[in-house]
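Have a look at the structure below, then the notes.
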Amino acid sequence: MSAEGPQPPAASRGLPGRLPVPVRTKTGVALLHDEASGSVYAVRLKLTKEVLTIQKQDVVCVSGGSRIANRRTVTLRRHPVGGLGLSVKGGAEHRVPVVISKIFKDHAADRTGRLFTGDAVLQVNGINVENATHEEVVHLLRNAGDEVTITVEYLREAPSFLKLPLGSPGPPSAHSSRASSPLFDSGLHLNGASSSTAPSSPSSPIADEPKYEKRWLDTLSVPLSMARISRCRAAAENLRPSAFEVLALDGVSTGTLRFPTAQESADWLRAVSANIRDLTLQNMKMANKCCSPCDQVVHMGWVSERLEDADCSQTFRSTFLALKGPSLYVFSTPPVSTLDWVRAERIYNLCEVLFKVHKLRLTDDGWSPADLGLQDSDFGGQRPCRFSVMVGHGRSHSFSVELGSELAAWEEAFQRATFVEVQRTGSKTYMCSWQGDMLCFTVDFALGFTCFDSKTKSVLWRFKFSQLKGSSDDGKARVKLLFQNPDTKQIEMKELEFQDLTAVLHCVHSFMAAKVASLDAAFTDGRGIAQKHTHSS
C-alpha cells in the first residue's frame with residue numbers, strides 16, 4: 001500500500017550500501033490515533049520533499065450538483081435475486097452510526113453509482129436512524145418494500161474497529177469484501193422475494209442526476225522544515241509501539257500515526273527523517289552565508305532532553321541543539337534568523353564539553369538489528385539512542401534522538417566541530433594555584449602543557465602531549481598530572497588546583513584528541529561508538 005519516488009544515487013547519500021535507503025516521496029495508509037478523544041481511523045499519508053500531508057477519504061460530487069454536498073438521498077429498487085446489494089455494520093450500541101460495509105458488484109446499490117462503503121445511513125424512507133441500533137436499521141431496510149429511499153453521508157473518520165475496506169479510491173464495486181470484524185455484518189443482498197419477472201425499474205444512474213466519487217482529500221499539511229519527530233508520548237520515556245508523531249515548527253501536529261508492522265513504521269520514520277534532515281542542511285547553508293568562516297554552523301537538529309525534577313522523577317522536553325563556531329547552543333525553539341542566535345538558553349565552549357554515547361540498545365519497534373549491524377537486545381520500550389554532553393562544574397545534560405543514524409551524525413559532528421575549534425583557537429589558559437601560589441596553566445595545540453607564574457610570567461615547567469603518562473583527580477578541584485622527563489625518563493608529578501576542574505579536564509581531552517587526529521586521520525574514523533556500529537559491514 002505504498003508508492004515510492006525516485007531515490008538519489010547511493011554516493012550522494014553518504015550511507016553504507018547495505019542499509020535501507022530512505023525515499024524522498026512516499027504514499028501509504030496508516031491509522032491516526034486521536035489521543036484526546038481516543039478514536040482511531042484510517043488516513044492516507046503523502047510524503048514529499050517538503051511536506052507530509054494527511055488525507056481522509058470522502059465522497060465528492062464530480063458533476064451535476066454541489067461539490068461540497070456530501071449528504072445524498074438515493075432510491076433503490078429491491079431485486080428478486082440480490083436484494084439491495086449491500087451489507088451494513090455498526091449501530092448506536094457501538095457509539096457509531098450504521099454504515100455500509102460492503103457493496104456487491106452489479107447489484108442494486110452498485111448500479112446507482114451513488115453509494116459507497118463507509119456511507120453512514122441517516123434515514124430510511126424518511127425515518128431518521130442516526131441514533132438507531134444495528135437491528136433497528138436492518139429491520140427497516142428488510143421491511144421497507146420493493147422501493148427503498150435512503151439518505152447517507154460519508155463517515156470520514158470511521159472507527160478502525162469497523163474494519164471497512166480501504167484502498168485506492170474508485171467505484172464502490174472495486175472494493176474487496178473483507179468480513180473480519182467484531183461487529184455483526186448484516187447482508188441485505190439475499191432477501192429479495194423470488195419472482196419470474198424482472199423489476200420494472202432497475203436502480204441505475206439517471207443522466208441528469210449528480211455523480212459522486214470516493215476520493216482521498218487533503219485535510220492537513222505538515223511542513224517538514226525544522227519539524228521534529230517523536231516516538232514517545234509528551235514528557236514520557238516509553239515508546240509508542242509502531243507509531244510516531246510529526247510536529248511542525250508552527251505547532252501543527254499529525255497526531256499519533258500507527259502502522260500495521262514495526263517494519264512499516266521504521267520505513268516511514270526513516271523517510272520522514274531523511275526529508276527533515278535535507279531541509280535542515282538547506283537551512284544551515286543559508287545561515288552560513290551570513291556567518292564568518294570561523295563561525296559556521298556545523299550541525300543542528302531536534303533532540304529530546306531528559307530533565308530531573310526535585311522529587312527525582314524524570315520528564316522529557318524537546319530541545320534544539322546547534323554546533324556553531326566555537327560553541328554548543330541550546331534552544332527551546334530553532335533559530336530562524338541571524339538575531340535568533342542570541343536567544344539561546346545555554347551556550348558552552350566546545351573545547352570544554354565532553355560528548356559521550358550511552359550504551360546502544362535496540363528495539364523491535366522502529367529499528368531492525370541490521371540497521372546498526374548489532375544483535376537484538378531487550379530494550380524495554382525506552383528511548384534507544386542516547387548521548388550526554390558533560391560541561392563545567394561536573395554538570396551533565398542527557399539527550400536522545402529517534403534513529404541510530406542521527407546519533408552517529410551527532411557524534412561525528414561533535415568530533416569535527418571540536419577538532420576545528422581546537423586548531424582555530426590554538427591554546428587555552430586557565431588560572432590555577434598550588435601551595436598558595438597563583439599560577440597559569442596553558443594547553444597549547446603545538447607545544448603541549450605549560451605552567452608559569454601569573455605575575456612574573458616565568459615558565460615553571462613544560463611538557464609535550466606525548467609525555468603525559470597518567471592523571472588522577474579528587475573530583476572537586478585538585479588534579480595530579482604524571483609526566484615523563486625526557487632526559488631522566490623518570491615520572492614527575494605536577495599537582496594543581498582549579499576553580500572549574502571539569503572544564504580543564506575536558507579541554508585537555510579535546511586538545512589531545514585533536515592532536516592525535518591531526519597526526520592520524522584514521523583516528524577520527526575509528527573512535528566513534530555510534531559511527532562504528534552504523535557503518536560496520
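All residue names refer to the C-alpha cells as shown: chains lettered A, B, ... in order, residues numbered from 1 in each chain, ligands numbered from 1 in order.
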ask   = Which residues come within 9 Å of Val74 of chain A, counting only C-alpha atoms, excluding same-chain residues fewer than 2 positions away, as a VMD selection string?
value = chain A and resid 72 76 112 114 to 115 148 to 152
Expected file: the selected residues, N, CA and C atoms, as a short mmCIF file (atom, residue, chain, number, x, y, z; two decimals), in the first residue's frame:
data_model
loop_
_atom_site.label_atom_id
_atom_site.label_comp_id
_atom_site.auth_asym_id
_atom_site.auth_seq_id
_atom_site.Cartn_x
_atom_site.Cartn_y
_atom_site.Cartn_z
N ARG A 72 -26.47 12.51 0.56
CA ARG A 72 -27.15 12.07 -0.66
C ARG A 72 -28.39 11.28 -0.30
N LEU A 76 -33.45 2.92 -4.08
CA LEU A 76 -33.04 1.59 -4.52
C LEU A 76 -34.28 0.76 -4.86
N THR A 112 -26.46 2.20 -8.72
CA THR A 112 -26.80 3.61 -8.54
C THR A 112 -25.58 4.50 -8.79
N ARG A 114 -24.00 5.89 -6.60
CA ARG A 114 -24.04 6.99 -5.62
C ARG A 114 -23.89 6.51 -4.19
N LEU A 115 -23.66 5.23 -4.01
CA LEU A 115 -23.45 4.67 -2.68
C LEU A 115 -22.04 4.09 -2.58
N VAL A 148 -36.81 1.41 -1.79
CA VAL A 148 -36.25 1.92 -0.53
C VAL A 148 -35.48 3.20 -0.82
N THR A 149 -35.84 4.26 -0.11
CA THR A 149 -35.11 5.53 -0.24
C THR A 149 -34.28 5.74 1.02
N ILE A 150 -32.99 5.85 0.84
CA ILE A 150 -32.08 6.04 1.99
C ILE A 150 -31.28 7.33 1.79
N THR A 151 -31.06 8.00 2.90
CA THR A 151 -30.20 9.18 2.92
C THR A 151 -28.91 8.80 3.62
N VAL A 152 -27.79 9.10 2.99
CA VAL A 152 -26.48 8.70 3.52
C VAL A 152 -25.53 9.90 3.52
#
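Neighbouring residues of Trp410 of chain A at 10 Å or closer, counting only C-alpha atoms and skipping chain neighbours under 6 positions away, are His299, Met300, Gly301, Leu321, Ala322, Leu323, Phe355, Val357, Phe387, Val401, Gly404, Arg416, Ala530 and Gln531 of chain A.
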message = Going by DSSP on the backbone, which residues of segment 266-426 of chain A come out as helix (DSSP H, G or I)? List them as a ChimeraX atom specification.
response = /A:266-288,293-295,338-343,350-352,369-371,392-394,404-425
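Coordinates place atom CA of Asn275 of chain A at a distance of 16.4 Å from atom CA of Gly28 of chain A.
Using only C-alpha atoms, the contacts of Asp474 of chain A at a cut-off of 12 Å, with sequence neighbours closer than 2 positions omitted, comprise Ser471, Ser472, Lys476, Ala477, Arg478, Val479, Lys480, Glu495, Leu496, Glu497, Phe498, Leu501 and Thr502 of chain A.
Counting only C-alpha atoms, the residue from A:Thr25, A:Gly325, A:Val508, A:Arg44 that sits nearest to Tyr430 of chain A is A:Val508.
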Contacts of segment 279-296 of chain A at 10 Å (only C-alpha atoms; same-chain gap of 4+ positions) as number ranges by chain = A: 49-50, 224-227, 273-275, 300-301, 322-327, 335-338, 417, 420-421, 424
Hey, what's within 12 Å of Val389 of chain A if we count only C-alpha atoms and toss same-chain stuff fewer than 4 positions away? As an mmCIF file with C-alpha atoms, in the first residue's frame, please?
data_model
loop_
_atom_site.group_PDB
_atom_site.id
_atom_site.type_symbol
_atom_site.label_atom_id
_atom_site.label_comp_id
_atom_site.auth_asym_id
_atom_site.auth_seq_id
_atom_site.Cartn_x
_atom_site.Cartn_y
_atom_site.Cartn_z
ATOM 1 C CA GLU A 305 16.349 16.330 26.758
ATOM 2 C CA ARG A 306 15.898 14.414 29.986
ATOM 3 C CA LEU A 321 20.886 21.876 19.605
ATOM 4 C CA LEU A 328 27.300 24.459 21.509
ATOM 5 C CA TYR A 329 23.952 26.296 21.549
ATOM 6 C CA VAL A 330 20.864 25.018 23.379
ATOM 7 C CA TYR A 348 29.005 26.149 26.022
ATOM 8 C CA ASN A 349 32.528 26.336 24.642
ATOM 9 C CA LEU A 350 33.156 23.209 22.570
ATOM 10 C CA CYS A 351 36.683 22.792 23.934
ATOM 11 C CA GLU A 352 35.266 22.450 27.446
ATOM 12 C CA VAL A 353 32.489 19.893 26.854
ATOM 13 C CA LEU A 354 32.704 16.132 26.537
ATOM 14 C CA PHE A 355 30.380 14.145 24.266
ATOM 15 C CA LYS A 356 29.518 10.634 25.414
ATOM 16 C CA VAL A 357 27.380 7.998 23.685
ATOM 17 C CA HIS A 358 25.327 5.838 26.027
ATOM 18 C CA GLY A 394 30.575 18.457 36.891
ATOM 19 C CA ARG A 395 27.199 19.102 35.264
ATOM 20 C CA SER A 396 25.760 16.898 32.540
ATOM 21 C CA HIS A 397 22.871 17.057 30.057
ATOM 22 C CA SER A 398 21.270 13.871 28.733
ATOM 23 C CA PHE A 399 19.710 13.813 25.267
ATOM 24 C CA SER A 400 18.144 11.247 22.956
ATOM 25 C CA TRP A 410 25.767 13.998 16.265
ATOM 26 C CA GLU A 411 28.836 12.064 17.375
ATOM 27 C CA PHE A 414 30.833 16.973 17.794
ATOM 28 C CA HIS A 506 37.570 18.366 29.122
#
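The shortest atom-to-atom distance to Gly255 of chain A, with only C-alpha atoms taken into account, belongs to A:Ala30 out of A:Ala271, A:Ala144, A:Ala30, A:Leu122.
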task = Quick one: pull the distance between atom CA of Val391 of chain A and atom CA of Ser510 of chain A, Å, one decimal.
result = 12.6 Å
Using only C-alpha atoms, which residues sit within 10 Å of Glu264 of chain A once same-chain residues fewer than 2 positions away are excluded, as a compact mmCIF listing (two decimals) with C-alpha atoms, in the first residue's frame?
# COMPACT_ATOMS: atom_id res chain seq x y z
CA SER A 2 2.81 2.40 -0.76
CA GLY A 28 0.66 4.78 2.15
CA ALA A 30 -1.86 4.45 8.39
CA SER A 242 4.92 1.02 15.84
CA ALA A 243 3.92 4.68 15.89
CA ARG A 258 0.19 3.99 13.84
CA PHE A 259 1.35 1.38 11.34
CA PRO A 260 0.45 -2.31 10.89
CA THR A 261 4.02 -3.53 11.47
CA ALA A 262 7.23 -2.32 13.07
CA ALA A 266 10.58 2.14 10.61
CA ASP A 267 10.39 2.74 6.85
CA TRP A 268 8.17 5.79 7.30
CA LEU A 269 10.28 7.06 10.20
CA ARG A 270 13.45 6.91 8.09
CA ASP A 365 9.82 -1.11 17.06
CA GLY A 366 11.40 1.21 14.52
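Nearest residue to Asn485 of chain A among A:Ser466, A:Thr450, A:Ser304, A:Ser221 is A:Ser466, counting only C-alpha atoms.
Distance check against Val40 of chain A using only C-alpha atoms: of A:Leu257, A:Ala132, A:Leu439, A:Val459, the minimum falls on A:Leu257.
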